[in-house]
Each structure stands twice: as C-alpha cells, then as structure tokens.
$ cat target-v5.json   # JSON, C-alpha atoms and all ligand atoms
[["chain", "number", "residue", "atom", "x", "y", "z"],
["A", 21, "MET", "CA", -17.07, 3.46, 1.07],
["A", 22, "SER", "CA", -18.35, 3.26, -2.50],
["A", 23, "PHE", "CA", -17.79, 1.53, -5.82],
["A", 24, "ASP", "CA", -18.67, 3.27, -9.05],
["A", 25, "VAL", "CA", -18.23, 0.94, -12.01],
["A", 26, "ARG", "CA", -18.79, 1.87, -15.67],
["A", 27, "ILE", "CA", -16.88, -0.48, -17.92],
["A", 28, "ARG", "CA", -16.91, -2.28, -21.23],
["A", 29, "LYS", "CA", -14.90, -5.37, -22.04],
["A", 30, "HIS", "CA", -14.98, -7.59, -25.07],
["A", 31, "VAL", "CA", -13.60, -11.12, -24.73],
["A", 32, "GLU", "CA", -13.53, -13.96, -27.18],
["A", 33, "GLY", "CA", -12.20, -17.47, -27.23],
["A", 34, "GLY", "CA", -13.12, -20.82, -28.71],
["A", 35, "GLY", "CA", -15.20, -19.12, -31.38],
["A", 36, "ARG", "CA", -17.42, -17.35, -28.82],
["A", 37, "ARG", "CA", -17.67, -13.63, -28.17],
["A", 38, "PHE", "CA", -18.86, -11.94, -25.02],
["A", 39, "ASP", "CA", -19.52, -8.28, -24.34],
["A", 40, "LEU", "CA", -19.51, -7.00, -20.80],
["A", 41, "VAL", "CA", -21.21, -3.61, -20.46],
["A", 42, "VAL", "CA", -21.61, -2.99, -16.76],
["A", 43, "GLU", "CA", -22.67, 0.13, -14.92],
["A", 44, "PHE", "CA", -23.52, 0.37, -11.25],
["A", 45, "ARG", "CA", -22.84, 2.39, -8.15],
["A", 46, "THR", "CA", -23.07, 1.18, -4.58],
["A", 47, "ASP", "CA", -22.24, 2.57, -1.19],
["A", 48, "ALA", "CA", -23.79, -0.30, 0.77],
["A", 49, "ARG", "CA", -21.73, -2.06, 3.40],
["A", 50, "ARG", "CA", -22.51, -5.37, 1.72],
["A", 51, "THR", "CA", -23.10, -5.59, -2.01],
["A", 52, "VAL", "CA", -23.84, -8.76, -3.92],
["A", 53, "VAL", "CA", -23.47, -9.05, -7.68],
["A", 54, "HIS", "CA", -25.42, -12.11, -8.75],
["A", 55, "GLY", "CA", -26.71, -13.82, -11.86],
["A", 56, "PRO", "CA", -26.49, -17.04, -13.84],
["A", 57, "SER", "CA", -23.35, -18.78, -14.96],
["A", 58, "GLY", "CA", -21.63, -16.89, -17.74],
["A", 59, "ALA", "CA", -23.30, -13.56, -16.89],
["A", 60, "GLY", "CA", -19.99, -11.74, -16.45],
["A", 61, "LYS", "CA", -19.68, -11.70, -12.66],
["A", 62, "SER", "CA", -16.07, -12.90, -12.54],
["A", 63, "LEU", "CA", -14.98, -10.52, -15.28],
["A", 64, "THR", "CA", -16.56, -7.65, -13.34],
["A", 65, "LEU", "CA", -14.89, -8.61, -10.07],
["A", 66, "GLN", "CA", -11.52, -9.10, -11.75],
["A", 67, "ALA", "CA", -11.78, -5.66, -13.35],
["A", 68, "ILE", "CA", -12.50, -4.04, -9.97],
["A", 69, "ALA", "CA", -9.60, -5.93, -8.38],
["A", 70, "GLY", "CA", -7.21, -4.86, -11.14],
["A", 71, "LEU", "CA", -6.73, -8.39, -12.49],
["A", 72, "LEU", "CA", -8.44, -7.63, -15.82],
["A", 73, "ARG", "CA", -8.14, -4.45, -17.84],
["A", 74, "PRO", "CA", -11.44, -3.15, -19.29],
["A", 75, "ASP", "CA", -11.43, -1.86, -22.87],
["A", 76, "GLU", "CA", -12.90, 1.40, -21.68],
["A", 77, "GLY", "CA", -14.64, 3.08, -18.79],
["A", 78, "THR", "CA", -14.02, 4.08, -15.23],
["A", 79, "ILE", "CA", -13.83, 2.36, -11.86],
["A", 80, "LEU", "CA", -13.91, 4.59, -8.81],
["A", 81, "VAL", "CA", -13.30, 3.34, -5.29],
["A", 82, "ASP", "CA", -14.38, 5.86, -2.71],
["A", 83, "GLY", "CA", -14.57, 8.42, -5.48],
["A", 84, "GLN", "CA", -10.95, 7.88, -6.52],
["A", 85, "PRO", "CA", -10.23, 6.41, -9.95],
["A", 86, "VAL", "CA", -8.42, 3.09, -9.90],
["A", 87, "PHE", "CA", -9.15, 2.77, -13.62],
["A", 88, "ASP", "CA", -9.97, 5.45, -16.15],
["A", 89, "SER", "CA", -9.38, 4.67, -19.79],
["A", 90, "ALA", "CA", -9.74, 8.32, -20.88],
["A", 91, "SER", "CA", -6.94, 9.55, -18.63],
["A", 92, "ARG", "CA", -4.96, 6.29, -18.78],
["A", 93, "VAL", "CA", -5.24, 5.57, -15.07],
["A", 94, "ASP", "CA", -4.77, 1.88, -14.23],
["A", 95, "VAL", "CA", -3.71, 1.45, -10.62],
["A", 96, "PRO", "CA", -1.94, -1.92, -10.15],
["A", 97, "ALA", "CA", -3.93, -4.52, -8.20],
["A", 98, "ARG", "CA", -1.55, -4.41, -5.25],
["A", 99, "GLU", "CA", -2.04, -0.66, -4.86],
["A", 100, "ARG", "CA", -5.85, -0.66, -5.00],
["A", 101, "ARG", "CA", -6.03, -1.69, -1.35],
["A", 102, "LEU", "CA", -8.74, -4.27, -1.98],
["A", 103, "GLY", "CA", -8.61, -7.67, -0.30],
["A", 104, "TYR", "CA", -9.51, -10.59, -2.59],
["A", 105, "LEU", "CA", -10.96, -13.85, -1.35],
["A", 106, "PHE", "CA", -10.65, -16.48, -4.05],
["A", 107, "GLN", "CA", -13.34, -19.04, -4.84],
["A", 108, "ASP", "CA", -11.42, -22.02, -3.48],
["A", 109, "TYR", "CA", -9.41, -19.83, -1.05],
["A", 110, "ALA", "CA", -6.24, -20.52, -3.09],
["A", 111, "LEU", "CA", -4.08, -21.26, -0.05],
["A", 112, "PHE", "CA", -0.54, -22.43, -0.75],
["A", 113, "PRO", "CA", -0.45, -26.11, 0.27],
["A", 114, "HIS", "CA", 3.26, -26.13, 1.16],
["A", 115, "LEU", "CA", 3.05, -23.06, 3.42],
["A", 116, "THR", "CA", 1.86, -22.95, 7.01],
["A", 117, "VAL", "CA", -1.16, -20.93, 8.11],
["A", 118, "ARG", "CA", 1.17, -18.19, 9.36],
["A", 119, "GLN", "CA", 3.13, -18.10, 6.11],
["A", 120, "ASN", "CA", -0.04, -18.09, 4.02],
["A", 121, "ILE", "CA", -1.29, -15.05, 5.93],
["A", 122, "ALA", "CA", 2.12, -13.34, 5.73],
["A", 123, "PHE", "CA", 2.03, -13.83, 1.98],
["A", 124, "GLY", "CA", -0.77, -11.26, 1.86],
["A", 125, "LEU", "CA", 1.57, -8.54, 3.10],
["A", 126, "THR", "CA", 2.79, -6.26, 0.34],
["A", 127, "HIS", "CA", 6.36, -7.26, -0.42],
["A", 128, "GLY", "CA", 6.33, -9.51, 2.63],
["A", 129, "TRP", "CA", 7.36, -12.52, 0.64],
["A", 130, "LEU", "CA", 10.25, -10.73, -1.06],
["A", 131, "ASN", "CA", 11.83, -10.00, 2.26],
["A", 132, "PRO", "CA", 12.79, -13.24, 4.03],
["A", 133, "SER", "CA", 13.02, -11.55, 7.41],
["A", 134, "ARG", "CA", 9.31, -10.81, 7.13],
["A", 135, "ARG", "CA", 8.29, -14.29, 6.09],
["A", 136, "ASP", "CA", 6.52, -14.80, 9.36],
["A", 137, "GLY", "CA", 4.81, -11.47, 9.08],
["A", 138, "GLY", "CA", 5.39, -10.11, 12.56],
["A", 139, "ALA", "CA", 2.74, -8.20, 14.48],
["A", 140, "ALA", "CA", 0.28, -7.82, 11.60],
["A", 141, "VAL", "CA", 0.05, -11.59, 11.20],
["A", 142, "ASP", "CA", -0.10, -12.15, 14.96],
["A", 143, "ARG", "CA", -3.08, -9.83, 15.12],
["A", 144, "TRP", "CA", -5.10, -11.84, 12.58],
["A", 145, "LEU", "CA", -4.04, -15.21, 13.98],
["A", 146, "GLN", "CA", -5.44, -14.03, 17.28],
["A", 147, "ALA", "CA", -8.56, -12.34, 15.88],
["A", 148, "PHE", "CA", -9.57, -15.45, 13.94],
["A", 149, "GLU", "CA", -8.47, -17.95, 16.60],
["A", 150, "LEU", "CA", -5.81, -19.51, 14.42],
["A", 151, "GLU", "CA", -2.90, -19.34, 16.85],
["A", 152, "ARG", "CA", -3.07, -23.04, 17.70],
["A", 153, "VAL", "CA", -2.87, -24.03, 14.04],
["A", 154, "ALA", "CA", -0.38, -21.36, 12.94],
["A", 155, "GLN", "CA", 2.28, -23.94, 12.06],
["A", 156, "GLN", "CA", -0.07, -26.32, 10.27],
["A", 157, "ARG", "CA", -0.57, -26.59, 6.54],
["A", 158, "PRO", "CA", -3.92, -26.13, 4.76],
["A", 159, "HIS", "CA", -4.67, -29.86, 4.40],
["A", 160, "GLN", "CA", -4.49, -30.19, 8.19],
["A", 161, "LEU", "CA", -7.22, -27.59, 8.76],
["A", 162, "SER", "CA", -10.99, -27.70, 9.08],
["A", 163, "GLY", "CA", -13.10, -25.89, 6.48],
["A", 164, "GLY", "CA", -13.68, -23.00, 8.85],
["A", 165, "GLN", "CA", -9.98, -22.66, 9.64],
["A", 166, "ARG", "CA", -9.19, -22.65, 5.94],
["A", 167, "GLN", "CA", -11.73, -19.92, 5.27],
["A", 168, "ARG", "CA", -10.42, -17.83, 8.17],
["A", 169, "THR", "CA", -6.83, -18.25, 6.96],
["A", 170, "ALA", "CA", -7.79, -17.04, 3.49],
["A", 171, "LEU", "CA", -9.76, -14.18, 4.99],
["A", 172, "ALA", "CA", -6.82, -13.21, 7.21],
["A", 173, "ARG", "CA", -4.53, -13.21, 4.17],
["A", 174, "ALA", "CA", -6.98, -10.90, 2.37],
["A", 175, "LEU", "CA", -7.18, -8.59, 5.38],
["A", 176, "VAL", "CA", -3.58, -8.43, 6.59],
["A", 177, "ASN", "CA", -2.76, -5.45, 4.35],
["A", 178, "GLU", "CA", -5.67, -3.49, 5.82],
["A", 179, "PRO", "CA", -7.66, -3.18, 2.60],
["A", 180, "ARG", "CA", -10.45, -0.62, 2.33],
["A", 181, "ALA", "CA", -12.87, -3.30, 1.12],
["A", 182, "LEU", "CA", -13.08, -7.04, 0.54],
["A", 183, "LEU", "CA", -13.90, -8.65, -2.80],
["A", 184, "LEU", "CA", -15.29, -12.17, -2.52],
["A", 185, "ASP", "CA", -15.46, -14.54, -5.46],
["A", 186, "GLU", "CA", -18.16, -17.21, -4.91],
["A", 187, "PRO", "CA", -16.72, -18.03, -1.48],
["A", 188, "PHE", "CA", -18.88, -21.10, -0.80],
["A", 189, "SER", "CA", -19.41, -22.66, -4.21],
["A", 190, "ALA", "CA", -16.68, -25.27, -3.80],
["A", 191, "LEU", "CA", -18.12, -26.58, -0.52],
["A", 192, "ASP", "CA", -20.64, -29.31, 0.16],
["A", 193, "PRO", "CA", -24.08, -28.04, 1.27],
["A", 194, "ASP", "CA", -23.61, -28.69, 4.98],
["A", 195, "LEU", "CA", -20.25, -26.96, 5.19],
["A", 196, "ARG", "CA", -21.53, -24.16, 2.95],
["A", 197, "GLY", "CA", -24.23, -23.29, 5.46],
["A", 198, "ARG", "CA", -21.78, -23.19, 8.34],
["A", 199, "MET", "CA", -19.17, -21.18, 6.42],
["A", 200, "ARG", "CA", -21.82, -18.69, 5.36],
["A", 201, "ALA", "CA", -22.86, -18.15, 8.97],
["A", 202, "GLU", "CA", -19.25, -17.85, 10.08],
["A", 203, "LEU", "CA", -18.36, -15.32, 7.38],
["A", 204, "ASP", "CA", -21.47, -13.32, 8.23],
["A", 205, "THR", "CA", -20.35, -13.07, 11.87],
["A", 206, "LEU", "CA", -16.74, -12.25, 10.99],
["A", 207, "LEU", "CA", -17.72, -9.52, 8.54],
["A", 208, "ASP", "CA", -19.91, -7.94, 11.19],
["A", 209, "ARG", "CA", -17.09, -8.07, 13.67],
["A", 210, "ILE", "CA", -14.42, -6.52, 11.45],
["A", 211, "GLY", "CA", -16.85, -4.01, 9.92],
["A", 212, "ILE", "CA", -15.16, -3.87, 6.52],
["A", 213, "PRO", "CA", -17.29, -3.24, 3.40],
["A", 214, "MET", "CA", -17.55, -6.12, 0.95],
["A", 215, "LEU", "CA", -18.58, -6.87, -2.59],
["A", 216, "MET", "CA", -19.38, -10.50, -3.33],
["A", 217, "ILE", "CA", -20.16, -12.27, -6.59],
["A", 218, "THR", "CA", -22.34, -15.35, -6.44],
["A", 219, "HIS", "CA", -24.96, -17.37, -8.27],
["A", 220, "ASP", "CA", -26.41, -18.72, -5.01],
["A", 221, "PRO", "CA", -29.75, -17.18, -3.89],
["A", 222, "GLU", "CA", -28.89, -17.87, -0.25],
["A", 223, "ASP", "CA", -25.79, -15.66, -0.50],
["A", 224, "VAL", "CA", -27.93, -12.95, -2.06],
["A", 225, "GLU", "CA", -30.42, -13.23, 0.78],
["A", 226, "ARG", "CA", -27.80, -13.16, 3.50],
["A", 227, "PHE", "CA", -25.23, -10.66, 2.22],
["A", 228, "GLY", "CA", -27.15, -8.56, -0.29],
["A", 229, "ASP", "CA", -27.83, -5.26, 1.48],
["A", 230, "ARG", "CA", -27.51, -4.04, -2.08],
["A", 231, "ARG", "CA", -28.19, -6.45, -4.94],
["A", 232, "ILE", "CA", -27.03, -6.10, -8.51],
["A", 233, "ARG", "CA", -28.19, -8.68, -11.01],
["A", 234, "LEU", "CA", -26.16, -9.38, -14.12],
["A", 235, "THR", "CA", -27.51, -11.21, -17.13],
["A", 236, "ASP", "CA", -25.60, -11.74, -20.33],
["A", 237, "GLY", "CA", -22.99, -9.11, -19.50],
["A", 238, "GLN", "CA", -25.38, -6.35, -18.40],
["A", 239, "VAL", "CA", -27.01, -5.13, -15.21],
["A", 240, "THR", "CA", -30.64, -6.19, -15.38],
["A", 241, "THR", "CA", -31.85, -5.38, -11.88],
["A", 242, "SER", "CA", -30.41, -3.33, -9.14],
["A", 243, "SER", "CA", -32.06, -3.00, -5.77],
["A", 244, "VAL", "CA", -31.22, -1.31, -2.50],
["B", 301, "LIG", "N1", -10.41, -14.94, -20.71],
["B", 301, "LIG", "C1", -11.52, -15.15, -21.41],
["B", 301, "LIG", "N2", -11.48, -15.31, -22.73],
["B", 301, "LIG", "C2", -12.60, -15.51, -23.44],
["B", 301, "LIG", "N3", -13.83, -15.58, -22.90],
["B", 301, "LIG", "C3", -13.93, -15.42, -21.58],
["B", 301, "LIG", "C4", -12.79, -15.19, -20.75],
["B", 301, "LIG", "N4", -13.21, -15.08, -19.47],
["B", 301, "LIG", "C5", -14.54, -15.23, -19.50],
["B", 301, "LIG", "N5", -14.99, -15.43, -20.76],
["B", 301, "LIG", "C6", -16.39, -15.58, -21.16],
["B", 301, "LIG", "O1", -17.10, -14.44, -20.68],
["B", 301, "LIG", "C7", -18.37, -14.83, -20.19],
["B", 301, "LIG", "C8", -18.53, -14.35, -18.76],
["B", 301, "LIG", "O2", -17.62, -15.05, -17.94],
["B", 301, "LIG", "P1", -17.60, -14.88, -16.35],
["B", 301, "LIG", "O3", -16.55, -15.82, -15.86],
["B", 301, "LIG", "O4", -17.45, -13.44, -15.99],
["B", 301, "LIG", "O5", -19.05, -15.37, -15.93],
["B", 301, "LIG", "P2", -19.64, -15.64, -14.47],
["B", 301, "LIG", "O6", -20.91, -14.86, -14.39],
["B", 301, "LIG", "O7", -18.61, -15.32, -13.46],
["B", 301, "LIG", "O8", -19.95, -17.19, -14.53],
["B", 301, "LIG", "P3", -19.78, -18.34, -13.41],
["B", 301, "LIG", "O9", -20.87, -18.11, -12.41],
["B", 301, "LIG", "O10", -19.99, -19.61, -14.18],
["B", 301, "LIG", "O11", -18.40, -18.22, -12.82],
["B", 301, "LIG", "C9", -18.46, -16.33, -20.37],
["B", 301, "LIG", "O12", -19.19, -16.60, -21.55],
["B", 301, "LIG", "C10", -17.04, -16.78, -20.51],
["B", 301, "LIG", "O13", -16.96, -17.91, -21.33]]
$ encode --input "target-v5.json" --output "structure tokens"
Amino acid sequence: MSFDVRIRKHVEGGGRRFDLVVEFRTDARRTVVHGPSGAGKSLTLQAIAGLLRPDEGTILVDGQPVFDSASRVDVPARERRLGYLFQDYALFPHLTVRQNIAFGLTHGWLNPSRRDGGAAVDRWLQAFELERVAQQRPHQLSGGQRQRTALARALVNEPRALLLDEPFSALDPDLRGRMRAELDTLLDRIGIPMLMITHDPEDVERFGDRRIRLTDGQVTTSSV
C-alpha cells in the first residue's frame, strides 16, 4: 500500500492567500502528516480523499492515479476506496448506530431495503462490540462507542486505506488518551494502512511509523 502525492493548490479568502506545494511518498503502514495550525494538513488530506481538487499534480494510491491533472484523471471520492474518519466523527444524530454504519455503504442509503446494511454492517457491529447499542443514537453512546461507530462507517465499504482527520482533537485530555489507545489496538487488529493528520505530538509518537512534517504549505521534514 502506498501514497504518492505531488500537488499544488492555491486558495484564497478573506484577503489571505495560501499556496500548498506538497510532495511525499509513503508505503508505511501508518503515516502521520503533522505540523502547526494552518500548515495545509487538511487541504492535503482532502485532496487525497477526493474532496478538494488540486490545481495541478498527481496523486497515486498503490501506484494507480486517482488524480492526474495532465491526463485529466480525477476519480470521484466514492470510487477511491479510501475510508475517511472525520475530526468530530460526523455521526448523524437522528440515525441509530446501525444506520450510521450502513450509511457508509456505497449507494446503501439510496436503496431503502439496504438501510440496515445487512451482513456487512453486522460484521462491523460484532467486530467493534457495538451489537448491544446498534439501535441507539450517537448521544446515547460513550466516547469509545462513538469512535468505533465512526470507524465502522469508514470501514464498511472495505477501503484500501483509512484517512484520519485529527481524530482526537475534539476530546478532553483524559478521553483523548483512552481513544488513542483504543484506536491503536483496533488498527492493529484490522491491519489496514492509515494516513493521519494531526498537530498533536502524542499522535505523531504513537502512530507515526512514517512522519511527514508540513510547515506553511510545504513538506519540511520527512522521516521513516
Ligand atoms: N476553502 C478555503 N479557502 C481559502 N483559504 C483556505 C481554505 N481552506 C483552507 N484555507 C487556508 O489554507 C491554509 C491551510 O489550511 P488547512 O486547513 O489545510 O491547515 P491545517 O494544517 O489543517 O490547520 P489546522 O491544524 O488548524 O486544521 C490556512 O491558512 C487556511 O486559512
């Protein structure tokens, strides 16, 4: 599993301009892109996920282009087969755990008969010990159950890698420590490669088999 990212993106708003010029390659099982606030981490992750279109460059996943400005390749996010774990987990408050996970299935939500997701959802409910809370809504869950639900939703389509956007930044310090340990264990168990963005040195320490530092829109340090 590898990511090969060579992109440029210019953004401006509110009278400010920002140039992202990022180049890196990684084939580590766990890669962390880190750096201070405003360094361009989110823009980079969104470009890899297919949520932001670079002005130019290439993004290869496992050697296959998901974006290539020269040959006009821009694979839609849904077809990149990358699971995305949002910063605050972005669970739907009015849906149950089961329905939130089923939402991750491609087209699952468009087809009412698949609203409950069937066997694929059962598998993740079981794997992450969520069966007992399958009919509950996010506000009725513990922090760990919420994280596992979001992770299950990101995994239910069997992505080739997971993209994690600052997964612990919204949590208080105590919960953050526990969620970090839990994610560490779960990632080991499911064995799926991941790329995480974070500004937290403890995430870098724990998940950074490969570390890429961004400062002001550019890679400033890259270590194995
Ligand atoms: N849609 C946008 N329009 C204009 N400017 C943007 C847009 N998105 C991001 N920026 C700017 O680009 C820069 C990089 O933003 P980005 O969100 O990638 O940083 P970050 O490293 O993820 O920061 P943080 O750790 O605070 O989330 C910032 O200066 C931000 O203000």
$ residues_near_point --input "target-v5.json" --point "(-9.7, -6.1, -1.6)" --cutoff "12 Å" --atoms "all atoms listed in the file" --output "PyMOL selection string"
chain A and resi 23+65-71+81+97-106+124+171-185+212-216
$ residues_near_ligand --input "target-v5.json" --ligand "ligand LIG 301 (chain B)" --cutoff "12 Å" --atoms "all atoms listed in the file" --output "JSON, numbers by chain"
{"A": [29, 30, 31, 32, 33, 34, 35, 36, 37, 38, 39, 40, 41, 42, 53, 54, 55, 56, 57, 58, 59, 60, 61, 62, 63, 64, 65, 66, 67, 71, 72, 73, 74, 106, 107, 184, 185, 186, 187, 189, 190, 216, 217, 218, 219, 220, 233, 234, 235, 236, 237, 238, 239]}
$ atom_distance --input "target-v5.json" --atom1 "atom CA of Leu161 of chain A" --atom2 "atom CA of Leu203 of chain A"
16.6 Å
$ atom_distance --input "target-v5.json" --atom1 "atom CA of Ile210 of chain A" --atom2 "atom CA of Thr78 of chain A"
28.7 Å
$ closest_residue --input "target-v5.json" --among "A:His159, A:Asp75, A:Arg168, A:Ser91" --to "Trp144 of chain A" --atoms "only C-alpha atoms"
A:Arg168
$ residues_around --input "target-v5.json" --residues "Arg157 of chain A" --least-positions-apart "4" --cutoff "12 Å" --atoms "all atoms listed in the file" --output "PyMOL selection string"
chain A and resi 111-121+150+152-153+161-162+165-166+169
$ atom_distance --input "target-v5.json" --atom1 "atom CA of Leu195 of chain A" --atom2 "atom CA of Gln167 of chain A"
11.1 Å
$ residues_near_point --input "target-v5.json" --point "(-26.9, -6.2, -7.0)" --cutoff "9 Å" --atoms "only C-alpha atoms" --output "MDAnalysis selection string"
chainID A and resid 44 46 51:54 224 228:234 239 241:244
$ closest_residue --input "target-v5.json" --among "A:Glu202, A:Arg26, A:Arg50, A:Gly163" --to "Glu225 of chain A" --atoms "all atoms listed in the file"
A:Arg50
$ axis_aligned_box --input "target-v5.json" --around "segment 108-125 of chain A" --padding-each-side "8 Å" --output "JSON"
{"center_x": -4.1, "center_y": -17.3, "center_z": 2.9, "size_x": 30.7, "size_y": 33.6, "size_z": 28.8}
$ closest_residue --input "target-v5.json" --among "A:Arg28, A:Arg49, A:Arg92, A:Arg196" --to "Asp208 of chain A" --atoms "all atoms listed in the file"
A:Arg49
$ closest_residue --input "target-v5.json" --among "A:Gln160, A:Leu80, A:Arg226, A:Pro221" --to "Ala201 of chain A" --atoms "all atoms listed in the file"
A:Arg226
$ decode --input "target-v5.json" --residues "segment 140-201 of chain A" --atoms "C-alpha atoms" --output "PDB file, in the first residue's frame"
ATOM      1  CA  ALA A 140     -21.577  -6.046   6.102  1.00  0.00           C
ATOM      2  CA  VAL A 141     -22.958  -3.932   8.933  1.00  0.00           C
ATOM      3  CA  ASP A 142     -23.483  -6.966  11.166  1.00  0.00           C
ATOM      4  CA  ARG A 143     -19.832  -7.833  10.731  1.00  0.00           C
ATOM      5  CA  TRP A 144     -18.615  -4.453  11.992  1.00  0.00           C
ATOM      6  CA  LEU A 145     -21.177  -4.254  14.789  1.00  0.00           C
ATOM      7  CA  GLN A 146     -19.780  -7.540  16.004  1.00  0.00           C
ATOM      8  CA  ALA A 147     -16.101  -6.731  15.391  1.00  0.00           C
ATOM      9  CA  PHE A 148     -16.331  -3.479  17.344  1.00  0.00           C
ATOM     10  CA  GLU A 149     -18.692  -4.799  20.037  1.00  0.00           C
ATOM     11  CA  LEU A 150     -21.499  -2.458  19.091  1.00  0.00           C
ATOM     12  CA  GLU A 151     -24.300  -5.012  18.820  1.00  0.00           C
ATOM     13  CA  ARG A 152     -25.845  -4.037  22.158  1.00  0.00           C
ATOM     14  CA  VAL A 153     -26.043  -0.378  21.152  1.00  0.00           C
ATOM     15  CA  ALA A 154     -26.999  -0.925  17.495  1.00  0.00           C
ATOM     16  CA  GLN A 155     -30.392   0.744  17.943  1.00  0.00           C
ATOM     17  CA  GLN A 156     -29.118   3.677  19.982  1.00  0.00           C
ATOM     18  CA  ARG A 157     -28.378   7.144  18.690  1.00  0.00           C
ATOM     19  CA  PRO A 158     -24.984   8.883  18.961  1.00  0.00           C
ATOM     20  CA  HIS A 159     -25.882  11.000  22.013  1.00  0.00           C
ATOM     21  CA  GLN A 160     -26.611   7.788  23.936  1.00  0.00           C
ATOM     22  CA  LEU A 161     -23.106   6.403  23.354  1.00  0.00           C
ATOM     23  CA  SER A 162     -19.817   6.588  25.218  1.00  0.00           C
ATOM     24  CA  GLY A 163     -16.854   8.294  23.535  1.00  0.00           C
ATOM     25  CA  GLY A 164     -15.352   4.938  22.636  1.00  0.00           C
ATOM     26  CA  GLN A 165     -18.596   3.662  21.135  1.00  0.00           C
ATOM     27  CA  ARG A 166     -18.889   6.836  19.081  1.00  0.00           C
ATOM     28  CA  GLN A 167     -15.363   6.459  17.758  1.00  0.00           C
ATOM     29  CA  ARG A 168     -15.955   2.793  16.908  1.00  0.00           C
ATOM     30  CA  THR A 169     -19.211   3.642  15.118  1.00  0.00           C
ATOM     31  CA  ALA A 170     -17.443   6.257  13.001  1.00  0.00           C
ATOM     32  CA  LEU A 171     -14.612   3.839  12.317  1.00  0.00           C
ATOM     33  CA  ALA A 172     -17.070   1.108  11.326  1.00  0.00           C
ATOM     34  CA  ARG A 173     -18.775   3.522   8.933  1.00  0.00           C
ATOM     35  CA  ALA A 174     -15.393   4.325   7.370  1.00  0.00           C
ATOM     36  CA  LEU A 175     -14.545   0.625   7.052  1.00  0.00           C
ATOM     37  CA  VAL A 176     -17.833  -0.914   5.924  1.00  0.00           C
ATOM     38  CA  ASN A 177     -17.026  -0.404   2.233  1.00  0.00           C
ATOM     39  CA  GLU A 178     -13.744  -2.275   2.652  1.00  0.00           C
ATOM     40  CA  PRO A 179     -11.466   0.639   1.786  1.00  0.00           C
ATOM     41  CA  ARG A 180      -7.828   0.017   0.884  1.00  0.00           C
ATOM     42  CA  ALA A 181      -6.690   2.590   3.451  1.00  0.00           C
ATOM     43  CA  LEU A 182      -8.056   4.845   6.180  1.00  0.00           C
ATOM     44  CA  LEU A 183      -7.655   8.622   6.238  1.00  0.00           C
ATOM     45  CA  LEU A 184      -7.961  10.146   9.696  1.00  0.00           C
ATOM     46  CA  ASP A 185      -8.508  13.853  10.253  1.00  0.00           C
ATOM     47  CA  GLU A 186      -7.307  14.900  13.737  1.00  0.00           C
ATOM     48  CA  PRO A 187      -9.330  12.089  15.336  1.00  0.00           C
ATOM     49  CA  PHE A 188      -8.805  13.148  18.965  1.00  0.00           C
ATOM     50  CA  SER A 189      -8.622  16.931  18.829  1.00  0.00           C
ATOM     51  CA  ALA A 190     -12.239  17.466  19.864  1.00  0.00           C
ATOM     52  CA  LEU A 191     -11.881  15.336  23.013  1.00  0.00           C
ATOM     53  CA  ASP A 192     -10.883  16.276  26.532  1.00  0.00           C
ATOM     54  CA  PRO A 193      -7.380  15.113  27.548  1.00  0.00           C
ATOM     55  CA  ASP A 194      -8.493  12.085  29.553  1.00  0.00           C
ATOM     56  CA  LEU A 195     -10.778  10.729  26.859  1.00  0.00           C
ATOM     57  CA  ARG A 196      -8.167  11.557  24.209  1.00  0.00           C
ATOM     58  CA  GLY A 197      -5.659   9.250  25.862  1.00  0.00           C
ATOM     59  CA  ARG A 198      -8.132   6.387  26.047  1.00  0.00           C
ATOM     60  CA  MET A 199      -9.382   6.857  22.478  1.00  0.00           C
ATOM     61  CA  ARG A 200      -5.813   6.947  21.202  1.00  0.00           C
ATOM     62  CA  ALA A 201      -5.049   3.635  22.894  1.00  0.00           C
TER      63      ALA A 201
END
